[in-house]
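Data file: final04.cif. Format and content: mmCIF, C-alpha atoms and all ligand atoms.
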```
data_protein
loop_
_atom_site.label_atom_id
_atom_site.label_comp_id
_atom_site.auth_asym_id
_atom_site.auth_seq_id
_atom_site.Cartn_x
_atom_site.Cartn_y
_atom_site.Cartn_z
CA MET A 1 17.86 -13.23 -19.20
CA CYS A 2 21.02 -14.80 -17.85
CA LEU A 3 21.79 -11.51 -16.15
CA GLY A 4 22.84 -11.96 -12.53
CA ILE A 5 22.84 -8.96 -10.23
CA ALA A 6 24.59 -8.50 -6.87
CA MET A 7 21.99 -7.72 -4.19
CA LYS A 8 21.92 -7.55 -0.40
CA VAL A 9 19.72 -9.87 1.64
CA VAL A 10 17.46 -7.69 3.81
CA GLU A 11 14.87 -10.19 4.98
CA ILE A 12 14.70 -13.97 5.27
CA TYR A 13 11.35 -15.62 5.80
CA ASP A 14 10.66 -18.66 7.96
CA GLY A 15 12.51 -21.73 6.83
CA GLY A 16 15.01 -19.73 4.78
CA MET A 17 13.41 -20.67 1.49
CA ASP A 18 12.78 -17.10 0.39
CA GLY A 19 12.91 -13.46 1.46
CA VAL A 20 13.72 -9.98 0.23
CA VAL A 21 16.83 -8.61 -1.46
CA GLU A 22 17.82 -5.02 -2.14
CA GLY A 23 20.03 -3.39 -4.73
CA GLY A 24 20.21 0.05 -6.31
CA GLY A 25 17.38 1.25 -4.06
CA VAL A 26 15.04 -1.49 -5.28
CA LYS A 27 13.67 -4.25 -3.07
CA ARG A 28 12.38 -7.51 -4.40
CA HIS A 29 11.27 -10.94 -3.45
CA CYS A 30 13.84 -13.67 -3.95
CA PHE A 31 14.11 -17.42 -3.51
CA PHE A 32 17.04 -18.75 -1.50
CA HIS A 33 16.55 -22.49 -1.83
CA MET A 34 19.85 -23.05 -3.63
CA ILE A 35 21.92 -21.49 -0.83
CA ASP A 36 22.79 -22.77 2.64
CA ASP A 37 23.29 -20.71 5.78
CA LEU A 38 22.25 -17.35 4.43
CA LYS A 39 22.14 -14.38 6.81
CA VAL A 40 20.59 -10.93 6.58
CA GLY A 41 23.32 -8.61 5.33
CA ASP A 42 24.89 -11.22 3.04
CA TYR A 43 25.29 -10.39 -0.63
CA VAL A 44 24.02 -12.76 -3.30
CA ILE A 45 23.90 -12.97 -7.08
CA VAL A 46 20.23 -12.88 -8.07
CA HIS A 47 19.16 -14.40 -11.35
CA ALA A 48 15.55 -14.74 -12.54
CA GLY A 49 14.07 -14.38 -9.06
CA CYS A 50 16.48 -16.79 -7.43
CA ALA A 51 19.77 -16.35 -5.58
CA ILE A 52 22.30 -18.55 -7.37
CA GLU A 53 25.29 -17.99 -5.07
CA LYS A 54 26.56 -16.00 -2.12
CA ILE A 55 29.23 -13.38 -2.75
CA ASP A 56 32.05 -14.23 -0.41
CA GLU A 57 33.54 -11.16 1.24
CA GLU A 58 36.89 -12.83 1.96
CA GLU A 59 37.09 -14.21 -1.56
CA ALA A 60 36.35 -10.72 -2.92
CA GLN A 61 39.54 -9.65 -1.16
CA GLU A 62 41.33 -12.66 -2.63
CA ASN A 63 39.98 -11.66 -6.02
CA LEU A 64 41.56 -8.24 -5.62
CA LYS A 65 44.80 -9.78 -4.39
CA LEU A 66 44.89 -11.96 -7.50
CA ILE A 67 44.71 -8.82 -9.65
CA GLU A 68 47.38 -7.11 -7.57
CA GLN A 69 49.67 -10.14 -7.73
CA CYS A 70 49.29 -10.32 -11.47
CA LEU A 71 50.18 -6.68 -11.84
CA LEU A 72 53.01 -6.88 -9.34
CA GLY A 73 54.55 -9.82 -11.14
CA GLU A 74 54.37 -7.80 -14.33
CA GLU A 75 55.96 -4.68 -12.89
CA ASN A 76 58.83 -6.62 -11.39
CA GLU A 77 59.78 -8.06 -14.73
CA PRO A 78 62.85 -6.57 -16.38
CA MET B 1 30.78 -4.71 0.37
CA ASN B 2 32.70 -2.59 -2.09
CA LEU B 3 32.46 -4.16 -5.50
CA GLU B 4 33.14 -0.85 -7.25
CA VAL B 5 36.86 -1.55 -7.12
CA PHE B 6 36.40 -4.02 -9.95
CA ASN B 7 35.66 -1.04 -12.15
CA ASP B 8 38.37 1.21 -10.75
CA PRO B 9 39.85 3.10 -13.74
CA GLU B 10 43.35 2.85 -12.30
CA ILE B 11 43.13 -0.94 -12.01
CA VAL B 12 41.57 -1.20 -15.47
CA LYS B 13 44.42 0.88 -16.92
CA LYS B 14 47.10 -1.19 -15.23
CA LEU B 15 45.49 -4.42 -16.38
CA SER B 16 45.32 -3.27 -19.98
CA GLU B 17 48.98 -2.23 -19.83
CA ALA B 18 49.89 -5.64 -18.44
CA ILE B 19 47.92 -7.26 -21.28
CA LYS B 20 49.92 -5.19 -23.79
CA ARG B 21 53.20 -6.34 -22.27
CA GLU B 22 52.10 -9.96 -22.22
CA SER B 23 50.73 -9.86 -25.78
CA SER B 24 53.94 -8.36 -27.15
CA LYS B 25 55.61 -11.69 -26.42
CA ILE B 26 53.27 -13.39 -28.88
CA ASP B 27 53.81 -12.79 -32.59
CA ARG B 28 50.48 -14.00 -33.86
CA THR B 29 46.82 -13.21 -33.35
CA VAL B 30 45.34 -14.75 -30.23
CA LYS B 31 41.68 -15.66 -30.35
CA ILE B 32 40.00 -15.60 -26.95
CA MET B 33 36.39 -16.70 -26.82
CA HIS B 34 33.80 -16.03 -24.16
CA ILE B 35 30.56 -17.98 -24.05
CA CYS B 36 28.30 -15.66 -22.12
CA GLY B 37 26.02 -13.00 -23.59
CA THR B 38 26.43 -10.90 -20.47
CA HIS B 39 30.20 -10.87 -20.97
CA GLU B 40 29.61 -9.49 -24.47
CA ASN B 41 27.32 -6.90 -22.93
CA SER B 42 30.09 -5.81 -20.50
CA ILE B 43 32.75 -5.84 -23.22
CA VAL B 44 30.68 -3.52 -25.42
CA ARG B 45 29.49 -1.35 -22.52
CA PHE B 46 32.97 -0.75 -21.11
CA GLY B 47 34.53 -0.52 -24.60
CA LEU B 48 37.07 -3.17 -23.59
CA ARG B 49 38.05 -4.13 -27.15
CA ASP B 50 39.48 -0.62 -27.55
CA LEU B 51 41.82 -1.30 -24.64
CA LEU B 52 43.26 -4.45 -26.18
CA PRO B 53 46.32 -4.74 -28.42
CA GLU B 54 45.75 -5.53 -32.07
CA ASN B 55 46.76 -9.17 -31.86
CA ILE B 56 44.26 -9.96 -29.09
CA ASN B 57 40.91 -10.81 -30.56
CA VAL B 58 38.09 -11.35 -28.07
CA ILE B 59 35.08 -12.96 -29.68
CA ALA B 60 31.60 -13.92 -28.57
CA GLY B 61 30.80 -17.63 -28.81
CA PRO B 62 27.59 -19.57 -28.20
CA GLY B 63 26.58 -17.74 -25.02
CA CYS B 64 23.02 -16.68 -25.70
CA PRO B 65 20.40 -19.27 -24.72
CA VAL B 66 17.65 -17.51 -26.65
CA CYS B 67 19.82 -17.53 -29.79
CA VAL B 68 20.36 -21.29 -29.69
CA THR B 69 16.70 -22.17 -29.07
CA SER B 70 15.59 -24.05 -32.17
CA SER B 71 12.77 -22.86 -34.43
CA ARG B 72 11.49 -26.39 -34.17
CA ASP B 73 10.59 -25.82 -30.52
CA ILE B 74 9.29 -22.31 -31.08
CA ASP B 75 7.10 -23.51 -33.97
CA ALA B 76 5.74 -26.43 -31.94
CA ILE B 77 4.72 -24.36 -28.97
CA ILE B 78 3.22 -21.63 -31.16
CA ASP B 79 1.22 -24.29 -32.98
CA LEU B 80 -0.11 -25.54 -29.65
CA ALA B 81 -0.92 -22.01 -28.48
CA LEU B 82 -2.86 -21.28 -31.67
CA ASN B 83 -4.85 -24.50 -31.65
CA ASP B 84 -5.44 -25.36 -27.99
CA ASP B 85 -6.94 -23.46 -25.11
CA VAL B 86 -3.66 -23.00 -23.27
CA ARG B 87 -1.55 -20.12 -22.03
CA ILE B 88 2.18 -19.94 -22.74
CA THR B 89 4.44 -18.01 -20.38
CA THR B 90 8.03 -17.19 -21.24
CA PHE B 91 10.81 -14.67 -20.70
CA GLY B 92 10.48 -11.31 -22.44
CA ASP B 93 13.64 -12.07 -24.44
CA MET B 94 11.85 -14.89 -26.24
CA LEU B 95 8.85 -12.94 -27.49
CA LYS B 96 10.32 -11.42 -30.64
CA VAL B 97 12.48 -14.38 -31.63
CA PRO B 98 11.44 -15.48 -35.10
CA GLY B 99 10.33 -19.06 -35.62
CA THR B 100 9.87 -20.48 -39.12
CA LYS B 101 6.85 -18.29 -39.84
CA LEU B 102 5.88 -16.58 -36.60
CA SER B 103 7.36 -15.23 -33.40
CA PHE B 104 5.50 -15.51 -30.09
CA GLN B 105 4.60 -11.88 -30.45
CA LYS B 106 3.10 -12.34 -33.90
CA ALA B 107 1.25 -15.45 -32.74
CA ARG B 108 -0.22 -13.35 -29.95
CA SER B 109 -1.63 -10.91 -32.48
CA LEU B 110 -3.33 -13.91 -34.09
CA GLY B 111 -5.06 -14.71 -30.82
CA ALA B 112 -2.61 -17.02 -29.05
CA ASP B 113 -2.47 -16.50 -25.27
CA ILE B 114 1.23 -15.84 -24.69
CA GLN B 115 2.37 -13.90 -21.64
CA MET B 116 5.72 -12.60 -20.56
CA THR B 117 7.11 -13.69 -17.23
CA TYR B 118 10.16 -12.74 -15.15
CA SER B 119 10.91 -16.08 -13.56
CA ILE B 120 9.53 -19.54 -13.04
CA PHE B 121 8.19 -18.31 -9.71
CA ASP B 122 6.12 -15.63 -11.44
CA ALA B 123 5.02 -18.15 -14.05
CA ILE B 124 3.71 -20.40 -11.25
CA GLU B 125 1.79 -17.46 -9.75
CA GLN B 126 0.37 -16.64 -13.19
CA ALA B 127 -0.87 -20.23 -13.46
CA LYS B 128 -2.56 -19.99 -10.07
CA SER B 129 -4.74 -17.13 -11.29
CA SER B 130 -5.60 -18.84 -14.57
CA LYS B 131 -8.13 -21.54 -15.40
CA LYS B 132 -6.26 -22.76 -18.47
CA PRO B 133 -3.28 -25.05 -18.61
CA ASN B 134 -0.21 -22.78 -18.31
CA ILE B 135 2.94 -23.89 -20.09
CA PHE B 136 6.19 -22.24 -19.10
CA PHE B 137 8.53 -22.23 -22.12
CA ALA B 138 11.69 -22.69 -20.08
CA CYS B 139 14.72 -21.30 -21.88
CA GLY B 140 18.20 -20.76 -20.47
CA PHE B 141 21.47 -22.45 -19.61
CA GLU B 142 22.23 -24.11 -16.26
CA THR B 143 21.88 -20.75 -14.50
CA THR B 144 18.17 -20.76 -15.34
CA ALA B 145 17.64 -24.53 -15.39
CA ALA B 146 18.68 -24.74 -11.72
CA PRO B 147 15.92 -22.41 -10.46
CA THR B 148 13.45 -24.36 -12.63
CA ALA B 149 14.56 -27.63 -11.02
CA SER B 150 14.52 -26.20 -7.49
CA ALA B 151 11.06 -24.74 -7.99
CA LEU B 152 9.62 -28.06 -9.20
CA MET B 153 11.23 -29.82 -6.24
CA ASP B 154 10.40 -27.40 -3.46
CA LEU B 155 7.23 -25.49 -4.27
CA ASP B 156 3.54 -26.28 -4.35
CA ILE B 157 2.83 -26.41 -8.05
CA PRO B 158 -0.75 -25.93 -9.24
CA LYS B 159 -2.17 -28.76 -11.36
CA ASN B 160 -2.45 -26.55 -14.44
CA PHE B 161 1.28 -25.74 -14.56
CA PHE B 162 3.57 -27.40 -17.09
CA ILE B 163 7.07 -26.96 -18.42
CA TYR B 164 8.36 -27.08 -21.97
CA SER B 165 12.08 -27.30 -21.38
CA VAL B 166 14.54 -25.90 -23.88
CA HIS B 167 17.11 -25.51 -21.10
CA LYS B 168 20.61 -26.34 -22.25
CA TYR B 169 23.87 -27.37 -20.59
CA THR B 170 26.76 -25.18 -21.76
CA PRO B 171 29.94 -27.19 -21.08
CA ASN B 172 28.88 -30.21 -23.16
CA GLY B 173 27.69 -27.96 -25.99
CA VAL B 174 30.90 -25.98 -26.25
CA TYR B 175 33.01 -29.12 -25.86
CA ALA B 176 31.19 -30.83 -28.73
CA LEU B 177 31.53 -27.76 -30.96
CA LEU B 178 35.26 -27.67 -30.26
CA LYS B 179 35.65 -31.35 -30.91
CA SER B 180 33.84 -31.14 -34.22
CA GLY B 181 36.03 -28.21 -35.23
CA LYS B 182 33.06 -25.86 -35.62
CA ILE B 183 34.64 -23.45 -33.19
CA ASN B 184 38.25 -22.80 -32.37
CA MET B 185 40.06 -20.60 -29.90
CA ASP B 186 43.35 -20.10 -28.10
CA GLY B 187 41.74 -19.38 -24.76
CA LEU B 188 38.31 -19.56 -23.17
CA ILE B 189 36.72 -17.12 -20.73
CA LEU B 190 34.33 -19.22 -18.66
CA PRO B 191 30.79 -17.91 -18.15
CA GLY B 192 30.59 -16.24 -14.72
CA HIS B 193 27.11 -17.24 -13.71
CA ALA B 194 26.62 -20.49 -15.59
CA ALA B 195 29.88 -21.70 -14.03
CA THR B 196 28.58 -20.64 -10.61
CA ILE B 197 26.17 -23.56 -11.00
CA SER B 198 28.31 -26.09 -12.92
CA GLY B 199 31.58 -25.28 -11.19
CA LEU B 200 34.94 -25.15 -12.94
CA LYS B 201 35.93 -28.78 -12.63
CA VAL B 202 33.78 -29.67 -15.65
CA TYR B 203 36.02 -27.49 -17.80
CA GLU B 204 39.19 -29.42 -16.95
CA ARG B 205 38.72 -31.65 -20.00
CA PHE B 206 38.98 -28.55 -22.22
CA VAL B 207 42.53 -28.20 -20.92
CA GLU B 208 43.32 -31.92 -21.01
CA ASP B 209 41.91 -32.60 -24.48
CA PHE B 210 42.57 -29.35 -26.30
CA GLY B 211 45.22 -27.56 -24.22
CA ILE B 212 43.04 -24.48 -23.99
CA PRO B 213 43.56 -22.11 -21.04
CA CYS B 214 40.21 -21.60 -19.27
CA VAL B 215 39.65 -18.71 -16.87
CA SER B 216 36.36 -17.75 -15.25
CA ALA B 217 35.41 -14.08 -15.11
CA GLY B 218 32.91 -11.80 -13.44
CA PHE B 219 31.20 -8.98 -15.28
CA GLU B 220 33.07 -5.83 -14.31
CA ALA B 221 35.77 -4.34 -16.54
CA ALA B 222 38.63 -5.54 -14.31
CA ASP B 223 37.17 -9.06 -14.13
CA ILE B 224 37.22 -9.52 -17.88
CA LEU B 225 40.65 -7.95 -18.37
CA LEU B 226 42.01 -10.13 -15.57
CA ALA B 227 40.76 -13.24 -17.35
CA ILE B 228 42.39 -12.12 -20.60
CA LEU B 229 45.66 -11.41 -18.79
CA LEU B 230 45.64 -14.78 -17.04
CA ILE B 231 44.96 -16.57 -20.34
CA LEU B 232 47.89 -14.76 -22.00
CA LYS B 233 50.16 -15.62 -19.09
CA GLN B 234 49.18 -19.27 -19.38
CA LEU B 235 49.85 -19.21 -23.12
CA ASN B 236 53.25 -17.62 -22.59
CA SER B 237 54.29 -20.03 -19.89
CA GLY B 238 52.92 -23.01 -21.82
CA THR B 239 50.91 -24.20 -18.82
CA PRO B 240 47.23 -24.21 -19.73
CA LYS B 241 44.88 -24.79 -16.78
CA VAL B 242 41.51 -23.89 -15.34
CA GLU B 243 41.79 -20.76 -13.22
CA ASN B 244 39.19 -18.97 -11.14
CA GLY B 245 39.15 -15.25 -11.82
CA TYR B 246 35.75 -14.81 -10.16
CA ARG B 247 36.50 -16.23 -6.76
CA ARG B 248 34.09 -13.96 -4.93
CA VAL B 249 31.21 -15.90 -6.49
CA ILE B 250 32.37 -19.17 -8.10
CA ASN B 251 33.37 -22.28 -6.16
CA TYR B 252 35.56 -24.71 -8.04
CA GLU B 253 33.01 -27.46 -7.40
CA GLY B 254 30.05 -25.23 -8.30
CA ASN B 255 26.78 -24.89 -6.41
CA ILE B 256 26.24 -28.42 -5.13
CA ARG B 257 22.66 -27.82 -4.04
CA ALA B 258 21.80 -26.54 -7.48
CA GLN B 259 23.53 -29.51 -9.12
CA GLU B 260 21.57 -31.91 -6.90
CA ALA B 261 18.31 -30.26 -7.90
CA LEU B 262 19.26 -30.43 -11.58
CA ASN B 263 20.17 -34.11 -11.31
CA LYS B 264 17.00 -34.96 -9.48
CA VAL B 265 14.63 -33.25 -11.89
CA PHE B 266 16.37 -33.43 -15.28
CA PHE B 267 18.44 -35.76 -17.40
CA LEU B 268 20.58 -34.66 -20.33
CA ASP B 269 19.30 -35.63 -23.76
CA SER B 270 20.40 -34.59 -27.21
CA ALA B 271 19.08 -31.17 -28.21
CA ILE B 272 18.98 -29.03 -31.31
CA TRP B 273 21.05 -25.87 -31.08
CA ARG B 274 19.62 -23.38 -33.50
CA GLY B 275 21.57 -23.49 -36.74
CA LEU B 276 24.21 -25.78 -35.25
CA GLY B 277 22.37 -29.09 -35.35
CA GLU B 278 21.80 -31.71 -32.69
CA ILE B 279 24.28 -32.02 -29.82
CA ASP B 280 24.30 -35.01 -27.46
CA GLU B 281 23.71 -34.59 -23.76
CA THR B 282 22.99 -30.89 -23.83
CA GLY B 283 19.20 -30.68 -23.46
CA TYR B 284 17.66 -30.73 -19.98
CA GLU B 285 14.59 -33.00 -20.17
CA LEU B 286 12.32 -33.84 -17.24
CA LYS B 287 12.88 -37.22 -15.61
CA ASP B 288 9.98 -39.68 -15.34
CA GLU B 289 9.31 -38.68 -11.73
CA TYR B 290 8.55 -35.18 -12.99
CA SER B 291 6.82 -36.13 -16.22
CA ARG B 292 3.47 -34.87 -14.93
CA PHE B 293 4.89 -31.39 -15.58
CA ASP B 294 6.24 -32.24 -19.01
CA ALA B 295 4.26 -30.32 -21.61
CA LYS B 296 6.00 -32.23 -24.42
CA LYS B 297 4.40 -35.44 -23.17
CA ILE B 298 1.11 -34.17 -21.73
CA PHE B 299 0.20 -32.20 -24.85
CA LYS B 300 1.72 -34.78 -27.22
CA ILE B 301 3.73 -32.15 -29.02
CA LYS B 302 4.22 -32.85 -32.70
CA TYR B 303 7.19 -31.52 -34.59
CA SER B 304 7.43 -30.43 -38.15
CA GLU B 305 10.62 -31.38 -39.92
CA ASN B 306 10.25 -28.34 -42.17
CA PHE B 307 11.48 -25.78 -39.75
CA ILE B 308 13.78 -22.96 -40.79
CA GLU B 309 16.41 -21.85 -38.30
CA HIS B 310 17.70 -18.78 -40.11
CA GLN B 311 16.19 -16.70 -42.87
CA ARG B 312 18.19 -16.22 -46.01
CA GLY B 313 21.01 -13.73 -45.47
CA CYS B 314 21.02 -14.02 -41.67
CA ARG B 315 24.47 -15.10 -40.46
CA CYS B 316 23.47 -15.84 -36.87
CA ALA B 317 24.84 -19.38 -36.93
CA GLU B 318 28.30 -18.09 -37.83
CA VAL B 319 27.97 -15.20 -35.36
CA ILE B 320 27.18 -17.69 -32.59
CA LEU B 321 30.24 -19.73 -33.49
CA GLY B 322 32.39 -16.59 -33.43
CA ASN B 323 33.42 -17.09 -37.05
CA VAL B 324 32.04 -13.75 -38.24
CA THR B 325 30.94 -10.56 -36.48
CA PRO B 326 27.56 -8.85 -36.90
CA LEU B 327 29.30 -6.36 -39.21
CA ASP B 328 29.83 -9.21 -41.67
CA CYS B 329 26.07 -9.61 -42.02
CA PRO B 330 24.62 -7.53 -44.85
CA LEU B 331 21.31 -7.21 -42.98
CA TYR B 332 22.81 -5.87 -39.74
CA ALA B 333 21.32 -2.51 -38.69
CA LYS B 334 19.68 -2.25 -42.10
CA ARG B 335 16.86 -4.73 -42.50
CA CYS B 336 17.59 -6.32 -39.15
CA THR B 337 17.11 -4.21 -36.01
CA PRO B 338 15.89 -4.95 -32.46
CA GLU B 339 12.47 -3.53 -33.43
CA ASP B 340 12.20 -5.85 -36.39
CA PRO B 341 14.72 -8.66 -35.93
CA ILE B 342 15.45 -11.15 -38.70
CA GLY B 343 17.53 -13.51 -36.60
CA PRO B 344 17.58 -14.44 -32.90
CA CYS B 345 20.95 -12.75 -32.26
CA MET B 346 19.25 -9.36 -32.69
CA VAL B 347 16.58 -10.05 -30.06
CA SER B 348 17.98 -10.90 -26.69
CA ASP B 349 20.22 -8.68 -24.61
CA GLU B 350 22.62 -11.58 -24.73
CA GLY B 351 22.63 -11.77 -28.51
CA THR B 352 25.82 -10.47 -30.11
CA CYS B 353 24.02 -8.53 -32.87
CA LYS B 354 21.73 -6.83 -30.32
CA ASN B 355 24.67 -5.96 -28.07
CA TRP B 356 26.61 -4.46 -30.96
CA TYR B 357 23.56 -2.58 -32.22
CA ASP B 358 22.78 -1.15 -28.77
CA GLY B 359 26.43 -0.22 -28.37
CA GLY B 360 26.27 1.77 -31.61
CA ILE B 361 28.89 -0.37 -33.35
CA GLU B 362 28.68 0.10 -37.09
S1 LIG A 401 22.22 -8.85 -37.96
FE1 LIG A 401 20.25 -9.92 -37.93
S2 LIG A 401 20.17 -11.07 -39.80
FE2 LIG A 401 22.32 -10.54 -39.43
S3 LIG A 401 23.22 -12.23 -38.30
FE3 LIG A 401 22.48 -10.75 -36.81
S4 LIG A 401 20.42 -11.43 -36.31
FE4 LIG A 401 20.99 -12.47 -38.23
#
```
Take the structure in this file and express it as structure tokens.
Amino acid sequence: MCLGIAMKVVEIYDGGMDGVVEGGGVKRHCFFHMIDDLKVGDYVIVHAGCAIEKIDEEEAQENLKLIEQCLLGEENEP
Amino acid sequence: MNLEVFNDPEIVKKLSEAIKRESSKIDRTVKIMHICGTHENSIVRFGLRDLLPENINVIAGPGCPVCVTSSRDIDAIIDLALNDDVRITTFGDMLKVPGTKLSFQKARSLGADIQMTYSIFDAIEQAKSSKKPNIFFACGFETTAAPTASALMDLDIPKNFFIYSVHKYTPNGVYALLKSGKINMDGLILPGHAATISGLKVYERFVEDFGIPCVSAGFEAADILLAILLILKQLNSGTPKVENGYRRVINYEGNIRAQEALNKVFFLDSAIWRGLGEIDETGYELKDEYSRFDAKKIFKIKYSENFIEHQRGCRCAEVILGNVTPLDCPLYAKRCTPEDPIGPCMVSDEGTCKNWYDGGIE
């Protein structure tokens, strides 16, 4: 029930309140009223018919960097 | 966007090796708790416990909203459904959860009109095509409470649509359980999607008051291992703090629009957490401005004080607190299965017993 799934925004209806998202070959209706400035092509976390947050592409890179840094720090230790 | 990398076997392997190195500096067992049923699901699915050293114990805490929904509320709404001409809509996860005598599913076989729904938006549509009062039994933590609030604020709601809120606010619940000593841990993995709404700032007092490292995590294998590694590093350096391991989704401040909607529609009242008692400021109740939707008031819900949270033998309350595992319950996988659950932890996909059962853990 609390499951959030990453999906791509493929359509935004007038006013930006809702639209269509796609993931794993499935399209579904989704509400966007908790998110500002959404564009077609953005990725969102969809939970119970509602996008709860945008997935930030740059931050995804930062996320990876964090992992790399952690591992690097480890490997450099004596 | 390539999110597959967060499951890359090479990265997963390196992270688990780093965890081993970090854990070898600690000569005691470290108890790391997560408070999200979906984290438990990932941990079982990816077999992450097998990748961890012996002294690192990752346990599931109170992270299943269905599991902490009190029988008192389930009984009350079933009673209404059996005696009044109303329709109840709720998430599929709720249907088999046992109340004192009946589950929603069993009440349905006795003639109660109880329908499954996927979201509040679907529940509103269901109400539009129904002549009866429709009551949405709204379960879930802030992740689900926020869409409920936004829907009530922004959508045209038909006159026959009502809400019975059992929504709960996680941070206050877990904080109170820690304070009372009912749960304990050396580190906390913050719930990826609930924290998307609440933000991470609200967890700073866990660090200040209890010195517990808190790290948010996503739901892929690398996400969870990263959080464990960061917690161990904090423990070893003696600098507990709140860290964001799920930066691609979580803002430190949380989703402000969602928080505004929650504050506009709900206030936090004390709520009963199944088997754990009443906890202050954890239950989302509708504010006066929204009381026309409040099924508790409109239908003058009466509560019985003779409700039973857990049947004899069921150890759900201790499972939820992370004090025992499902394997410690004599009923697990014997008398209690997802087809015929005895306790709520065997029902929802977020329940620890259900996750372990589905993962074939015996
Ligand atoms: S296995 Fe069943 S009876 Fe035992 S604790 Fe879990 S839900 Fe309760």
- Residues of chain A within 10 Å of chain B, counting all atoms listed in the file, as a PyMOL selection string: chain A and resi 1-6+8+17+30-36+41-64+66-68+70-75
- Item | Within 12 Å of Pro330 in chain B using all atoms listed in the file, minus same-chain residues under 2 positions, as a PyMOL selection string | chain B and resi 312-316+324-328+332-336+342+362
Show me, as a PDB file with C-alpha atoms, in the frame of the given file, the residues that have an atom within 7 Å of Tyr164 in chain B when counting only C-alpha atoms, minus same-chain residues fewer than 5 positions from it.
```pdb
ATOM      1  CA  ILE B 135       2.940 -23.890 -20.090  1.00  0.00           C
ATOM      2  CA  PHE B 136       6.190 -22.240 -19.100  1.00  0.00           C
ATOM      3  CA  PHE B 137       8.530 -22.230 -22.120  1.00  0.00           C
ATOM      4  CA  ALA B 138      11.690 -22.690 -20.080  1.00  0.00           C
ATOM      5  CA  ASP B 294       6.240 -32.240 -19.010  1.00  0.00           C
ATOM      6  CA  ALA B 295       4.260 -30.320 -21.610  1.00  0.00           C
ATOM      7  CA  LYS B 296       6.000 -32.230 -24.420  1.00  0.00           C
TER       8      LYS B 296
END
```
- Message: If I take CA of Gly181 in chain B and CA of Met33 in chain B, how far is one from the other in Å, to one decimal?
- Response: 14.3 Å
- Note on the structure: From CA of Asp84 in chain B to CA of Phe299 in chain B the spacing works out at 9.4 Å
- Query: From the set B:Cys345, B:Ala76, B:Val207, B:Ala176, which residue has the shortest atom-to-atom contact distance to Lys241 in chain B, counting all atoms listed in the file?
  - Reply: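 Ranking B:Cys345, B:Ala76, B:Val207, B:Ala176 by distance to Lys241 in chain B, first place goes to B:Val207.
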- Query: To one decimal place, how far is CA of Ser70 in chain B from CA of Ile88 in chain B in Å?
  - Reply: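 Going from CA of Ser70 in chain B over to CA of Ile88 in chain B, I get 16.9 Å.
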- Near Asp209 in chain B, within 12 Å and counting all atoms listed in the file, which residues show up once chain neighbours fewer than 6 positions away are dropped, as a PyMOL selection string? chain B and resi 175-176+178-179+203+240-241
Just-selected residues, C-alpha atoms written as a PDB file, keeping the file's coordinate frame:
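Contents of again32.pdb, freshly written:
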```pdb
ATOM      1  CA  TYR B 175      33.010 -29.120 -25.860  1.00  0.00           C
ATOM      2  CA  ALA B 176      31.190 -30.830 -28.730  1.00  0.00           C
ATOM      3  CA  LEU B 178      35.260 -27.670 -30.260  1.00  0.00           C
ATOM      4  CA  LYS B 179      35.650 -31.350 -30.910  1.00  0.00           C
ATOM      5  CA  TYR B 203      36.020 -27.490 -17.800  1.00  0.00           C
ATOM      6  CA  PRO B 240      47.230 -24.210 -19.730  1.00  0.00           C
ATOM      7  CA  LYS B 241      44.880 -24.790 -16.780  1.00  0.00           C
TER       8      LYS B 241
END
```
- Message: Restricting the calculation to all atoms listed in the file: of B:Thr337, B:Thr100, B:Asn184, B:Asn323, which residue gets closest to ligand LIG 401 (chain A)?
- Response: B:Thr337
- Please work out which residues fall within 7 Å of (48.0, -18.5, -18.6), coordinates as given in the file, with all atoms listed in the file counting, and return them as a ChimeraX atom specification. /B:213,230-237,239-240
File of the preceding selection, C-alpha atoms, as a compact mmCIF listing (two decimals), in the coordinates of the input:
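Written file, out27.txt:
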```txt
# COMPACT_ATOMS: atom_id res chain seq x y z
CA PRO B 213 43.56 -22.11 -21.04
CA LEU B 230 45.64 -14.78 -17.04
CA ILE B 231 44.96 -16.57 -20.34
CA LEU B 232 47.89 -14.76 -22.00
CA LYS B 233 50.16 -15.62 -19.09
CA GLN B 234 49.18 -19.27 -19.38
CA LEU B 235 49.85 -19.21 -23.12
CA ASN B 236 53.25 -17.62 -22.59
CA SER B 237 54.29 -20.03 -19.89
CA THR B 239 50.91 -24.20 -18.82
CA PRO B 240 47.23 -24.21 -19.73
```
- Counting only C-alpha atoms and all ligand atoms, which of B:Pro98, B:Gly187, B:Tyr169, B:Ile157 gets nearest to ligand LIG 401 (chain A)?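 Going through B:Pro98, B:Gly187, B:Tyr169, B:Ile157 one by one, the smallest distance to ligand LIG 401 (chain A) is for B:Pro98.
Comparing B:Val44, B:Ala317, B:Leu188, B:Ile361 by their smallest distance to ligand LIG 401 (chain A), the closest is B:Ala317 (using all atoms listed in the file).
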- Message: What's around Ile12 in chain A at 10 Å? Count only C-alpha atoms, leave out sequence neighbours fewer than 2 positions away in its own chain, and write the answer as a VMD selection string.
- Response: chain A and resid 9 to 10 14 to 21 29 to 32 38 to 40
- Message: What's around Asp156 in chain B at 12 Å? Count all atoms listed in the file, leave out sequence neighbours fewer than 4 positions away in its own chain, and write the answer as a list in words.
- Response: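 The filter keeps Phe121, Ile124, Glu125, Ala127, Lys128, Ser150, Ala151, Leu152, Asn160 and Phe161 of chain B.
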